[in-house]
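*Asks:* Structure: upload-v2.cif, mmCIF, C-alpha atoms and all ligand atoms.
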data_my_file
#
loop_
_atom_site.label_atom_id
_atom_site.label_comp_id
_atom_site.auth_asym_id
_atom_site.auth_seq_id
_atom_site.Cartn_x
_atom_site.Cartn_y
_atom_site.Cartn_z
CA MET A 151 65.51 55.69 52.23
CA THR A 152 61.83 56.47 52.57
CA SER A 153 59.42 55.77 49.76
CA LEU A 154 55.76 55.75 48.87
CA ARG A 155 55.67 52.44 47.07
CA ASP A 156 52.12 52.88 45.91
CA ALA A 157 52.44 56.44 44.67
CA ARG A 158 51.85 56.56 40.96
CA PRO A 159 55.23 57.11 39.30
CA ALA A 160 55.42 60.47 37.54
CA ARG A 161 57.19 60.59 34.22
CA ASP A 162 57.86 64.27 34.78
CA ALA A 163 57.06 65.19 38.35
CA SER A 164 57.47 68.91 37.85
CA HIS A 165 54.68 69.03 35.28
CA ALA A 166 52.51 66.26 36.62
CA SER A 167 50.76 68.21 39.34
CA GLY A 168 48.28 71.00 38.80
CA PHE A 169 50.00 72.89 41.60
CA ALA A 170 53.27 72.98 39.68
CA ARG A 171 51.46 74.55 36.75
CA LEU A 172 50.08 77.27 39.00
CA ALA A 173 53.41 78.58 40.20
CA PRO A 174 55.05 80.10 37.11
CA SER A 175 51.95 81.97 35.96
CA ALA A 176 51.91 83.98 39.18
CA ALA A 177 55.65 84.62 39.33
CA ALA A 178 55.22 88.33 38.68
CA SER A 179 53.54 89.06 42.04
CA ALA A 180 55.39 89.19 45.36
CA GLY A 181 53.44 86.10 46.41
CA GLY A 182 54.34 84.32 43.18
CA ARG A 183 58.01 85.06 43.76
CA ALA A 184 57.77 83.78 47.36
CA LEU A 185 56.14 80.57 46.14
CA ALA A 186 58.75 80.11 43.42
CA ALA A 187 61.45 80.58 46.10
CA ALA A 188 59.84 78.06 48.46
CA ILE A 189 59.53 75.49 45.67
CA GLN A 190 63.12 76.06 44.53
CA GLN A 191 64.38 75.52 48.09
CA PHE A 192 62.28 72.37 48.41
CA ASP A 193 63.52 71.03 45.07
CA ALA A 194 67.13 71.61 46.13
CA ALA A 195 66.54 69.60 49.32
CA ALA A 196 64.62 66.89 47.44
CA ASP A 197 67.48 66.61 44.92
CA HIS A 198 70.05 66.47 47.72
CA LEU A 199 68.08 63.68 49.41
CA SER A 200 67.33 61.90 46.11
CA LEU A 201 63.72 61.93 47.23
CA GLU A 202 61.58 59.32 45.56
CA PRO A 203 59.27 60.95 42.90
CA GLY A 204 55.99 60.03 44.59
CA LEU A 205 57.08 61.60 47.88
CA ARG A 206 58.43 64.60 46.04
CA GLN A 207 55.03 65.22 44.47
CA VAL A 208 53.22 64.87 47.78
CA LEU A 209 55.52 67.25 49.67
CA ARG A 210 55.73 69.80 46.88
CA SER A 211 52.00 70.54 46.91
CA PRO A 212 49.77 72.01 49.61
CA GLN A 213 47.39 69.43 51.06
CA ARG A 214 44.40 71.72 51.59
CA GLU A 215 43.58 75.27 50.44
CA VAL A 216 40.62 77.40 51.45
CA THR A 217 39.62 80.75 49.95
CA VAL A 218 36.78 82.69 51.57
CA ARG A 219 35.14 85.93 50.48
CA PHE A 220 33.11 87.70 53.09
CA PRO A 221 31.52 91.12 53.61
CA VAL A 222 32.26 93.39 56.56
CA THR A 223 30.55 96.62 57.51
CA LEU A 224 33.02 99.47 57.90
CA ASP A 225 32.67 102.29 60.43
CA ASP A 226 31.22 104.62 57.77
CA GLY A 227 28.41 102.14 57.11
CA SER A 228 29.75 100.93 53.77
CA VAL A 229 30.27 97.25 53.05
CA GLN A 230 33.57 95.81 51.81
CA VAL A 231 34.07 92.27 50.55
CA LEU A 232 37.39 90.82 51.68
CA THR A 233 39.30 87.73 50.60
CA GLY A 234 40.83 85.39 53.17
CA TYR A 235 43.03 82.34 52.74
CA ARG A 236 44.10 79.34 54.78
CA VAL A 237 46.50 76.79 53.39
CA GLN A 238 47.51 73.58 55.14
CA HIS A 239 50.65 72.49 53.37
CA ASN A 240 51.25 69.21 55.18
CA ILE A 241 49.85 67.51 58.27
CA ALA A 242 51.85 64.28 58.30
CA ARG A 243 53.58 65.11 61.61
CA GLY A 244 50.62 66.63 63.46
CA PRO A 245 47.98 69.36 63.32
CA ALA A 246 48.56 72.18 60.87
CA LYS A 247 50.25 75.18 62.50
CA GLY A 248 51.05 78.68 61.37
CA GLY A 249 50.29 82.34 61.55
CA LEU A 250 47.52 84.49 60.18
CA ARG A 251 48.64 87.55 58.22
CA TYR A 252 46.77 90.78 57.50
CA HIS A 253 48.61 92.55 54.69
CA PRO A 254 47.51 94.16 51.41
CA GLN A 255 49.92 91.96 49.40
CA THR A 256 48.57 88.72 50.82
CA ASP A 257 47.45 86.35 48.09
CA MET A 258 47.07 82.61 47.64
CA ASP A 259 50.63 82.10 46.37
CA ASP A 260 52.12 84.02 49.29
CA VAL A 261 50.13 81.93 51.76
CA ARG A 262 51.13 78.72 49.95
CA ALA A 263 54.81 79.65 50.28
CA LEU A 264 54.49 80.62 53.94
CA ALA A 265 52.56 77.40 54.72
CA MET A 266 55.26 75.29 53.10
CA TRP A 267 57.96 77.07 55.13
CA MET A 268 55.93 76.36 58.30
CA THR A 269 55.99 72.62 57.52
CA TRP A 270 59.78 72.64 57.30
CA LYS A 271 60.16 74.95 60.32
CA CYS A 272 58.05 72.72 62.58
CA ALA A 273 59.90 69.62 61.40
CA LEU A 274 63.34 71.21 61.80
CA VAL A 275 62.77 72.26 65.41
CA ASP A 276 60.88 69.02 66.02
CA VAL A 277 57.52 70.28 67.24
CA PRO A 278 54.65 67.86 66.50
CA PHE A 279 52.91 70.01 63.91
CA GLY A 280 52.42 70.25 60.19
CA GLY A 281 52.56 73.56 58.38
CA ALA A 282 49.84 76.10 57.60
CA LYS A 283 49.38 79.79 56.99
CA GLY A 284 46.46 82.11 56.55
CA GLY A 285 45.87 85.66 55.59
CA VAL A 286 43.51 88.39 54.57
CA ALA A 287 44.34 90.91 51.85
CA VAL A 288 43.76 93.99 53.94
CA ASP A 289 45.77 96.89 55.36
CA PRO A 290 45.26 96.79 59.15
CA ALA A 291 46.88 100.23 59.55
CA LYS A 292 43.89 101.69 57.71
CA MET A 293 41.26 99.96 59.84
CA SER A 294 39.78 100.80 63.22
CA SER A 295 39.82 98.31 66.06
CA ASN A 296 36.07 97.73 65.53
CA GLU A 297 36.61 96.97 61.86
CA LEU A 298 39.50 94.60 62.63
CA GLU A 299 37.35 92.80 65.18
CA ALA A 300 34.56 92.42 62.60
CA VAL A 301 37.02 91.09 60.00
CA THR A 302 38.55 88.65 62.47
CA ARG A 303 35.30 87.30 63.91
CA ARG A 304 33.80 86.80 60.46
CA LEU A 305 36.99 85.11 59.23
CA ALA A 306 36.99 82.83 62.29
CA SER A 307 33.36 81.89 61.50
CA GLU A 308 34.24 81.19 57.87
CA LEU A 309 37.14 78.97 58.97
CA GLU A 310 35.17 77.23 61.74
CA GLY A 311 35.32 73.86 59.99
CA VAL A 312 39.02 74.19 59.24
CA ILE A 313 40.70 75.45 62.42
CA GLY A 314 40.69 73.73 65.82
CA PRO A 315 43.09 72.57 68.55
CA ASP A 316 43.49 69.15 66.87
CA SER A 317 43.32 70.27 63.25
CA ASP A 318 44.83 73.67 62.51
CA ILE A 319 46.03 76.27 65.01
CA PRO A 320 46.54 79.90 63.89
CA ALA A 321 48.93 82.35 65.60
CA PRO A 322 49.95 85.98 65.11
CA ASP A 323 51.94 86.99 62.04
CA VAL A 324 52.45 90.26 60.12
CA GLY A 325 49.57 92.64 60.91
CA THR A 326 47.96 90.48 63.62
CA ASN A 327 48.59 90.17 67.35
CA ALA A 328 47.40 88.71 70.66
CA GLN A 329 44.13 90.66 70.43
CA THR A 330 43.39 89.09 67.01
CA MET A 331 43.91 85.67 68.58
CA ALA A 332 41.61 86.58 71.49
CA TRP A 333 38.79 87.43 69.02
CA ILE A 334 39.28 84.12 67.16
CA MET A 335 39.35 82.15 70.41
CA ASP A 336 36.19 83.90 71.62
CA THR A 337 34.33 83.42 68.33
CA ILE A 338 35.08 79.69 68.15
CA SER A 339 34.32 79.33 71.88
CA MET A 340 30.94 81.11 71.52
CA HIS A 341 29.99 78.75 68.69
CA ARG A 342 30.99 75.66 70.66
CA GLY A 343 29.43 76.84 73.92
CA TYR A 344 32.63 76.36 75.95
CA SER A 345 36.12 77.89 76.00
CA VAL A 346 38.54 76.50 73.45
CA PRO A 347 41.88 78.10 74.34
CA GLY A 348 43.92 75.65 72.24
CA VAL A 349 42.39 76.80 68.93
CA VAL A 350 45.00 79.58 68.68
CA THR A 351 48.40 80.36 70.15
CA GLY A 352 49.88 83.76 70.85
CA LYS A 353 46.79 84.60 72.93
CA PRO A 354 46.90 87.13 75.76
CA ILE A 355 48.23 85.47 78.94
CA ALA A 356 44.89 86.21 80.66
CA LEU A 357 43.19 83.83 78.17
CA GLY A 358 45.66 80.95 78.45
CA GLY A 359 48.52 82.45 76.48
CA SER A 360 52.06 81.51 77.44
CA GLN A 361 54.66 83.52 79.26
CA GLY A 362 57.32 84.47 76.76
CA ARG A 363 55.21 84.03 73.61
CA ALA A 364 55.11 87.74 72.71
CA ASP A 365 58.93 87.94 72.57
CA ALA A 366 59.49 84.33 71.51
CA THR A 367 60.45 84.91 67.88
CA GLY A 368 62.87 87.71 68.83
CA GLN A 369 64.24 85.58 71.67
CA GLY A 370 64.88 82.72 69.24
CA VAL A 371 66.54 85.16 66.84
CA LEU A 372 68.87 86.20 69.68
CA TYR A 373 69.69 82.57 70.61
CA THR A 374 70.48 81.61 67.00
CA ILE A 375 72.60 84.76 66.49
CA GLU A 376 74.51 84.00 69.72
CA ASP A 377 75.08 80.47 68.42
CA ALA A 378 76.29 81.66 64.99
CA ALA A 379 78.52 84.29 66.62
CA ARG A 380 80.08 81.64 68.87
CA ARG A 381 80.84 79.49 65.84
CA ILE A 382 82.72 82.29 64.04
CA GLY A 383 84.39 83.65 67.20
CA LEU A 384 82.44 86.91 67.27
CA ASP A 385 81.78 88.50 70.67
CA LEU A 386 78.25 89.90 70.59
CA ARG A 387 79.10 92.45 73.28
CA GLY A 388 80.02 95.54 71.30
CA ALA A 389 79.18 93.88 67.97
CA THR A 390 77.35 96.15 65.53
CA VAL A 391 73.84 95.26 64.40
CA ALA A 392 71.40 96.60 61.79
CA VAL A 393 67.73 95.58 61.89
CA GLN A 394 65.20 95.83 59.06
CA GLY A 395 61.70 95.89 60.57
CA PHE A 396 60.45 97.13 63.92
CA GLY A 397 57.29 95.08 64.33
CA ASN A 398 56.78 92.23 66.80
CA VAL A 399 59.92 90.40 65.66
CA GLY A 400 62.27 93.27 64.75
CA GLU A 401 61.52 95.26 67.89
CA ALA A 402 62.06 92.28 70.19
CA ALA A 403 65.24 91.19 68.38
CA ALA A 404 66.66 94.72 68.49
CA ARG A 405 65.75 95.16 72.16
CA LEU A 406 67.18 91.78 73.20
CA LEU A 407 70.38 92.27 71.18
CA HIS A 408 70.76 95.73 72.75
CA ALA A 409 70.24 94.19 76.21
CA ALA A 410 72.86 91.53 75.38
CA GLY A 411 75.43 94.31 74.84
CA ALA A 412 75.34 94.59 71.05
CA ARG A 413 75.41 98.06 69.45
CA VAL A 414 72.29 98.44 67.30
CA VAL A 415 73.34 101.13 64.81
CA ALA A 416 70.43 101.17 62.34
CA ILE A 417 66.74 100.27 62.31
CA THR A 418 64.11 100.71 59.60
CA ASP A 419 60.35 100.23 59.56
CA VAL A 420 57.62 100.59 56.90
CA TYR A 421 57.72 104.38 57.11
CA GLY A 422 61.44 105.18 57.38
CA GLY A 423 64.71 104.37 59.08
CA VAL A 424 67.13 105.70 61.68
CA MET A 425 70.83 105.36 62.24
CA ASP A 426 73.29 106.24 65.02
CA ASP A 427 76.88 104.99 64.89
CA LEU A 428 77.17 105.21 68.66
CA GLY A 429 74.23 102.84 69.07
CA ILE A 430 70.48 103.37 69.27
CA ASP A 431 68.82 103.22 72.67
CA VAL A 432 66.22 100.64 71.59
CA PRO A 433 63.80 100.99 74.56
CA ASN A 434 63.82 104.78 73.94
CA LEU A 435 63.13 104.22 70.25
CA LYS A 436 60.18 102.01 71.16
CA ARG A 437 58.70 104.87 73.20
CA HIS A 438 59.22 107.18 70.20
CA VAL A 439 57.32 104.71 67.98
CA GLU A 440 54.46 104.48 70.48
CA GLU A 441 54.09 108.28 70.27
CA HIS A 442 54.79 108.91 66.58
CA GLY A 443 53.89 105.63 64.85
CA SER A 444 57.32 105.17 63.24
CA VAL A 445 61.03 105.07 64.04
CA ALA A 446 61.48 107.95 61.57
CA GLY A 447 62.70 111.20 63.08
CA ALA A 448 63.78 109.76 66.45
CA PRO A 449 65.93 112.38 68.25
CA GLY A 450 69.70 112.03 67.87
CA THR A 451 69.50 109.82 64.76
CA ARG A 452 70.00 110.35 61.06
CA GLU A 453 67.92 108.91 58.25
CA VAL A 454 68.70 105.58 56.59
CA THR A 455 66.94 103.69 53.79
CA ASN A 456 66.55 99.93 53.56
CA GLU A 457 69.08 99.68 50.74
CA GLN A 458 71.61 101.67 52.80
CA LEU A 459 70.89 99.49 55.85
CA PHE A 460 71.48 96.29 53.84
CA ALA A 461 74.92 97.61 52.79
CA LEU A 462 76.18 98.68 56.23
CA PRO A 463 79.49 97.14 57.34
CA VAL A 464 77.93 95.67 60.48
CA ASP A 465 78.66 92.38 62.23
CA VAL A 466 75.01 91.26 62.18
CA LEU A 467 72.23 92.15 59.74
CA VAL A 468 68.77 91.13 60.96
CA LEU A 469 66.00 90.97 58.34
CA ALA A 470 62.70 91.16 60.21
CA ALA A 471 60.31 92.51 57.57
CA LEU A 472 58.89 90.70 54.55
CA GLU A 473 59.83 88.18 51.87
CA GLY A 474 62.23 88.83 48.98
CA GLN A 475 64.27 91.72 50.42
CA ILE A 476 67.72 90.52 49.39
CA THR A 477 67.90 89.40 45.76
CA ALA A 478 70.65 88.96 43.18
CA ALA A 479 70.35 92.71 42.57
CA ASN A 480 71.48 93.82 46.04
CA ALA A 481 73.08 90.72 47.63
CA GLY A 482 76.52 91.92 46.55
CA SER A 483 76.17 95.00 48.74
CA VAL A 484 75.72 93.01 51.97
CA ARG A 485 78.83 93.36 54.14
CA ALA A 486 77.54 91.81 57.37
CA ARG A 487 79.32 88.77 58.80
CA ILE A 488 76.05 87.20 59.94
CA LEU A 489 72.71 87.60 58.17
CA ALA A 490 69.84 86.54 60.46
CA GLU A 491 66.60 85.69 58.65
CA ALA A 492 64.11 86.76 61.31
CA ALA A 493 61.39 87.14 58.65
CA ASN A 494 60.13 84.30 56.46
CA GLY A 495 61.85 84.15 53.09
CA PRO A 496 63.69 87.50 53.21
CA VAL A 497 66.52 86.23 50.94
CA SER A 498 65.61 84.98 47.48
CA PRO A 499 67.35 81.86 46.11
CA ASP A 500 69.26 83.84 43.46
CA ALA A 501 70.95 85.82 46.27
CA ASP A 502 72.20 82.75 48.15
CA PRO A 503 75.25 81.98 45.97
CA ILE A 504 76.35 85.63 46.09
CA LEU A 505 76.14 85.76 49.89
CA ARG A 506 77.96 82.43 50.14
CA GLU A 507 80.70 83.65 47.80
CA ASN A 508 81.15 86.76 49.96
CA GLY A 509 81.45 84.71 53.14
CA VAL A 510 78.21 85.95 54.74
CA VAL A 511 76.96 83.43 57.31
CA VAL A 512 73.20 83.09 56.74
CA ILE A 513 71.01 81.80 59.58
CA PRO A 514 68.14 80.34 57.56
CA ASP A 515 64.62 81.53 58.37
CA ILE A 516 63.19 78.14 59.31
CA LEU A 517 65.79 78.03 62.09
CA CYS A 518 66.28 81.71 62.93
CA ASN A 519 62.62 82.64 63.45
CA ALA A 520 61.41 79.29 64.82
CA GLY A 521 61.25 80.63 68.39
CA GLY A 522 57.68 81.79 67.76
CA VAL A 523 56.34 78.41 66.80
CA ILE A 524 58.37 76.63 69.47
CA VAL A 525 56.68 78.71 72.17
CA SER A 526 53.37 78.30 70.31
CA TYR A 527 53.87 74.57 70.80
CA LEU A 528 54.66 75.14 74.49
CA GLU A 529 51.49 77.27 74.78
CA TRP A 530 49.37 74.61 73.09
CA ALA A 531 50.90 71.90 75.31
CA GLN A 532 50.20 74.00 78.43
CA ASN A 533 46.57 74.49 77.29
CA ARG A 534 46.14 70.74 76.78
CA ALA A 535 47.62 69.93 80.18
CA ALA A 536 45.97 72.92 81.92
CA LEU A 537 49.36 74.11 83.14
CA ALA A 538 51.06 77.51 83.27
CA TRP A 539 54.85 77.51 83.12
CA THR A 540 57.04 80.39 84.30
CA LEU A 541 58.95 82.62 81.89
CA ASP A 542 62.20 80.92 82.90
CA GLU A 543 60.76 77.48 82.21
CA VAL A 544 59.49 78.60 78.79
CA ASN A 545 62.72 80.32 77.76
CA GLU A 546 64.83 77.42 78.96
CA ARG A 547 62.80 74.98 76.81
CA LEU A 548 62.86 77.41 73.87
CA GLN A 549 66.63 77.77 74.09
CA ARG A 550 67.21 74.02 74.39
CA GLN A 551 64.96 73.23 71.43
CA ILE A 552 66.23 75.92 69.05
CA LEU A 553 69.90 75.27 69.88
CA ALA A 554 69.41 71.55 69.28
CA ALA A 555 68.12 72.43 65.81
CA ALA A 556 71.01 74.86 65.24
CA GLU A 557 73.48 72.12 66.19
CA ALA A 558 71.76 69.65 63.84
CA VAL A 559 71.94 72.15 60.96
CA SER A 560 75.60 72.85 61.59
CA ALA A 561 76.46 69.14 61.84
CA ARG A 562 74.53 68.36 58.65
CA ALA A 563 76.15 71.24 56.77
CA ASP A 564 79.59 69.94 57.77
CA ALA A 565 78.81 66.28 57.10
CA ASP A 566 77.29 66.87 53.63
CA ASP A 567 79.46 69.88 52.77
CA ILE A 568 76.42 72.06 52.05
CA ASP A 569 75.27 75.50 53.20
CA PRO A 570 73.09 75.94 56.31
CA ARG A 571 69.91 76.64 54.31
CA LEU A 572 70.16 73.39 52.35
CA ALA A 573 71.13 71.55 55.53
CA ALA A 574 68.08 72.92 57.37
CA HIS A 575 65.75 72.02 54.51
CA ALA A 576 67.33 68.58 54.09
CA ILE A 577 66.74 67.73 57.76
CA ALA A 578 63.17 69.04 57.65
CA VAL A 579 62.15 67.46 54.34
CA GLU A 580 63.67 64.14 55.44
CA ARG A 581 61.58 64.15 58.65
CA VAL A 582 58.34 65.01 56.86
CA ALA A 583 59.11 62.47 54.12
CA GLN A 584 59.70 59.79 56.73
CA ALA A 585 56.40 60.58 58.50
CA THR A 586 54.55 60.61 55.18
CA ALA A 587 56.05 57.30 54.07
CA LEU A 588 55.34 55.67 57.44
CA ARG A 589 51.71 56.72 57.25
CA GLY A 590 51.47 55.36 53.71
CA LEU A 591 48.73 56.09 51.20
CA TYR A 592 45.03 56.05 52.03
CA PRO A 593 43.06 54.18 50.81
N1 LIG A 601 53.84 83.44 62.40
C1 LIG A 601 54.94 82.82 63.07
C2 LIG A 601 55.87 82.16 62.06
O1 LIG A 601 55.89 82.52 60.91
C3 LIG A 601 54.50 81.90 64.20
C4 LIG A 601 53.64 80.74 63.78
C5 LIG A 601 53.04 79.99 64.96
O2 LIG A 601 53.41 80.22 66.09
O3 LIG A 601 52.18 79.14 64.69
O4 LIG A 601 56.63 81.30 62.39
#
How does the structure come out when it is put into structure tokens?
Ligand code: GLU
*Replies:*
Amino acid sequence: MTSLRDARPARDASHASGFARLAPSAAASAGGRALAAAIQQFDAAADHLSLEPGLRQVLRSPQREVTVRFPVTLDDGSVQVLTGYRVQHNIARGPAKGGLRYHPQTDMDDVRALAMWMTWKCALVDVPFGGAKGGVAVDPAKMSSNELEAVTRRLASELEGVIGPDSDIPAPDVGTNAQTMAWIMDTISMHRGYSVPGVVTGKPIALGGSQGRADATGQGVLYTIEDAARRIGLDLRGATVAVQGFGNVGEAAARLLHAAGARVVAITDVYGGVMDDLGIDVPNLKRHVEEHGSVAGAPGTREVTNEQLFALPVDVLVLAALEGQITAANAGSVRARILAEAANGPVSPDADPILRENGVVVIPDILCNAGGVIVSYLEWAQNRAALAWTLDEVNERLQRQILAAAEAVSARADADDIDPRLAAHAIAVERVAQATALRGLYP
């Protein structure tokens, strides 16, 4: 199919690029493992597509990587030097797009992996973006709002030449939110001398954010679970659900599944976990978290750990926390019928064959959690056209777009007799490869 005729042929593509050499050395860190997983998934898709070696090299490596180190003054007057990253994995199909993460484990390899997954996610759901990710190695729970604002504004200044509505558009991710985006938008706008709403998505609605963006990832998780349930003849009303993670994505997914009539029996967050066989009242639990900072100890529930939650005999297991949660070590304990990857990379490649063997239907991350970036695209499009759509309009477009991708994945899995993850990656890699080949090599 597609080829880069002029790309220099590699005798051994896996060792020819400097990037490939970087990956194994870092495999011991969480970020290194995430990157190794992303590359393994890409290689499986590239093999399946018999991707030409030149294209394989291009798509396997991030296109642009930025590391910045910058000082911030903390509330106690001391100065701390922080490290921030932004990686644009591929921009063949449009401006780079992806979240900005504040988490102590954030490192370059983690951001590389997450940027690569963004490229495939945007291609799979057919939004006109490439893939990017950014992050700062910091624990936002230990910082005041003033300190977070200082970090964010300084980071935005450092990335001034990199981000922009036509080049690279950040959005919320783990540890960041609409307020973070407002600070970035304001910083870039102050520098330019006029408002630049399209430089970020996931902004507050008052600043040009979109209806439905805050819940969009959870909404997409619900739509893809409904779709998977339909395909296996599972009625979601009364179905049992366990959710790992109660942040932006986990909370919304749990709340929307609860509202759809599912029985959410267990939820964990960073500090603990709760369980109630009769079903957790999710809106009540949210109020408990607002008061106490964690789901732990919510009245009428008993304690549950992540490992116990993974092993519950539920209909749907939603993973809405971090990368690498299910591995070969614990995949055998999963008894759910559907495993929804609401986080990025929550299942490591060595777990996939075990889940498949046990008949667990996995909704791959680049499909399951794509609702966020779909509505980011809708927000960006509204900003460009100076329009504001209603919540119904946004959700209707979101549903149409994510279900079209789900149908494509299912059809491809059937046609090629492969699992949904490989099908999703094959579709995405094929689209990016085609765009890359059409653009050709410059000069
Ligand atoms: N951080 C989200 C993700 O991982 C959203 C990215 C975006 O909207 O750009 O998909």
*Asks:* Hey, which residues sit close to ligand LIG 601 (chain A)? Say within 10 Å, counting all atoms listed in the file, and write them as a CSV table (one decimal) with C-alpha atoms, in the frame of the given file.
*Replies:*
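Written out: result_11.csv:
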chain,number,residue,atom,x,y,z
A,246,ALA,CA,48.6,72.2,60.9
A,247,LYS,CA,50.2,75.2,62.5
A,248,GLY,CA,51.0,78.7,61.4
A,249,GLY,CA,50.3,82.3,61.6
A,250,LEU,CA,47.5,84.5,60.2
A,251,ARG,CA,48.6,87.6,58.2
A,264,LEU,CA,54.5,80.6,53.9
A,265,ALA,CA,52.6,77.4,54.7
A,267,TRP,CA,58.0,77.1,55.1
A,268,MET,CA,55.9,76.4,58.3
A,269,THR,CA,56.0,72.6,57.5
A,271,LYS,CA,60.2,75.0,60.3
A,272,CYS,CA,58.0,72.7,62.6
A,279,PHE,CA,52.9,70.0,63.9
A,280,GLY,CA,52.4,70.2,60.2
A,281,GLY,CA,52.6,73.6,58.4
A,282,ALA,CA,49.8,76.1,57.6
A,283,LYS,CA,49.4,79.8,57.0
A,284,GLY,CA,46.5,82.1,56.6
A,318,ASP,CA,44.8,73.7,62.5
A,319,ILE,CA,46.0,76.3,65.0
A,320,PRO,CA,46.5,79.9,63.9
A,321,ALA,CA,48.9,82.4,65.6
A,322,PRO,CA,50.0,86.0,65.1
A,323,ASP,CA,51.9,87.0,62.0
A,324,VAL,CA,52.4,90.3,60.1
A,326,THR,CA,48.0,90.5,63.6
A,327,ASN,CA,48.6,90.2,67.4
A,350,VAL,CA,45.0,79.6,68.7
A,351,THR,CA,48.4,80.4,70.2
A,352,GLY,CA,49.9,83.8,70.8
A,363,ARG,CA,55.2,84.0,73.6
A,366,ALA,CA,59.5,84.3,71.5
A,367,THR,CA,60.4,84.9,67.9
A,399,VAL,CA,59.9,90.4,65.7
A,492,ALA,CA,64.1,86.8,61.3
A,493,ALA,CA,61.4,87.1,58.6
A,494,ASN,CA,60.1,84.3,56.5
A,495,GLY,CA,61.8,84.2,53.1
A,515,ASP,CA,64.6,81.5,58.4
A,516,ILE,CA,63.2,78.1,59.3
A,517,LEU,CA,65.8,78.0,62.1
A,518,CYS,CA,66.3,81.7,62.9
A,519,ASN,CA,62.6,82.6,63.4
A,520,ALA,CA,61.4,79.3,64.8
A,521,GLY,CA,61.2,80.6,68.4
A,522,GLY,CA,57.7,81.8,67.8
A,523,VAL,CA,56.3,78.4,66.8
A,524,ILE,CA,58.4,76.6,69.5
A,525,VAL,CA,56.7,78.7,72.2
A,526,SER,CA,53.4,78.3,70.3
A,527,TYR,CA,53.9,74.6,70.8
A,528,LEU,CA,54.7,75.1,74.5
A,529,GLU,CA,51.5,77.3,74.8
A,530,TRP,CA,49.4,74.6,73.1
*Asks:* At most 8 Å from (80.5, 78.1, 49.0), file frame, all atoms listed in the file: which residues, as a PDB file with C-alpha atoms, keeping the file's coordinate frame?
*Replies:*
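In the end it all went to part.pdb:
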ATOM      1  CA  PRO A 503      75.250  81.980  45.970  1.00  0.00           C
ATOM      2  CA  ARG A 506      77.960  82.430  50.140  1.00  0.00           C
ATOM      3  CA  GLU A 507      80.700  83.650  47.800  1.00  0.00           C
ATOM      4  CA  GLY A 509      81.450  84.710  53.140  1.00  0.00           C
ATOM      5  CA  ILE A 568      76.420  72.060  52.050  1.00  0.00           C
ATOM      6  CA  ASP A 569      75.270  75.500  53.200  1.00  0.00           C
TER       7      ASP A 569
END
*Asks:* Could you state the separation of CA of Leu548 in chain A and CA of Lys436 in chain A in Å, given to one decimal place?
*Replies:*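 Taking CA of Leu548 in chain A and CA of Lys436 in chain A, their separation equals 24.9 Å.
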*Asks:* Excluding Ile430 in chain A and residues on its chain fewer than 4 positions from it, collect all residues at most 7 Å away from it, counting all atoms listed in the file, and give them as a PyMOL selection string.
*Replies:* chain A and resi 414-415+426
*Asks:* Quick one: residues within 8 Å of range 378-385 of chain A, all atoms listed in the file counted, chain neighbours fewer than 4 positions away excluded, as a list in words?
*Replies:* Thr374, Ala389, Ile488, Val511 and Ile513 of chain A
*Asks:* Could you check how far CA of Asp225 in chain A sits from CA of Ile338 in chain A, in Å to one decimal?
*Replies:*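 Spanning CA of Asp225 in chain A to CA of Ile338 in chain A is a straight-line distance of 24.0 Å.
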*Asks:* Determine the nearest neighbour of Val301 in chain A from the options A:Val231, A:Ala478, A:Ala332, A:Ala536, counting all atoms listed in the file.
*Replies:*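 Nearest candidate to Val301 in chain A out of A:Val231, A:Ala478, A:Ala332, A:Ala536: A:Val231.
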*Asks:* Would you place a box with edges along x, y and z of the file around all atoms of range 260-263 of chain A listed there, add 3 Å to each of its six sides, and report the centre and edge lengths in Å to one decimal, as AutoDock Vina command-line options?
*Replies:*
--center_x 52.5 --center_y 81.4 --center_z 50.5 --size_x 10.7 --size_y 11.3 --size_z 8.5
*Asks:* Using all atoms listed in the file, list the residues that have an atom at most 9 Å from (73.9, 97.1, 67.5), coordinates as in the file, as an MDAnalysis selection string.
*Replies:* chainID A and resid 386 388:393 404 407:408 411:416 427:430 464:466
*Asks:* Please compute the CA of Glu215 in chain A-CA of Asp259 in chain A distance, one decimal, in Å.
*Replies:*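 According to the coordinates, CA of Glu215 in chain A and CA of Asp259 in chain A are separated by 10.6 Å.
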*Asks:* Out of A:Leu459, A:Met340, A:Leu472, A:Leu309, which residue has the shortest atom-to-atom distance to Thr256 in chain A when counting all atoms listed in the file?
*Replies:*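 Selected residue with least distance to Thr256 in chain A: A:Leu472.
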*Asks:* Counting only C-alpha atoms, which residues of range 212-275 of chain A fall within 9 Å of range 182-200 of chain A, and what is the closest atom pair for each with its distance in Å at one decimal, ordered by chain and rising number, as a tab-separated table?
*Replies:*
residue	atom	partner	partner_atom	distance
A:Asp257	CA	A:Gly182	CA	8.7
A:Met258	CA	A:Gly182	CA	8.7
A:Asp259	CA	A:Gly182	CA	5.4
A:Asp260	CA	A:Ala184	CA	6.0
A:Val261	CA	A:Leu185	CA	8.3
A:Arg262	CA	A:Leu185	CA	6.6
A:Ala263	CA	A:Leu185	CA	4.4
A:Leu264	CA	A:Leu185	CA	8.0
A:Met266	CA	A:Ala188	CA	7.1
A:Trp267	CA	A:Ala188	CA	7.0
*Asks:* Which residue out of A:Val454, A:Ala479, A:Val484, A:Met331 has the minimum interatomic distance to Ile355 in chain A when all atoms listed in the file are used?
*Replies:* A:Met331
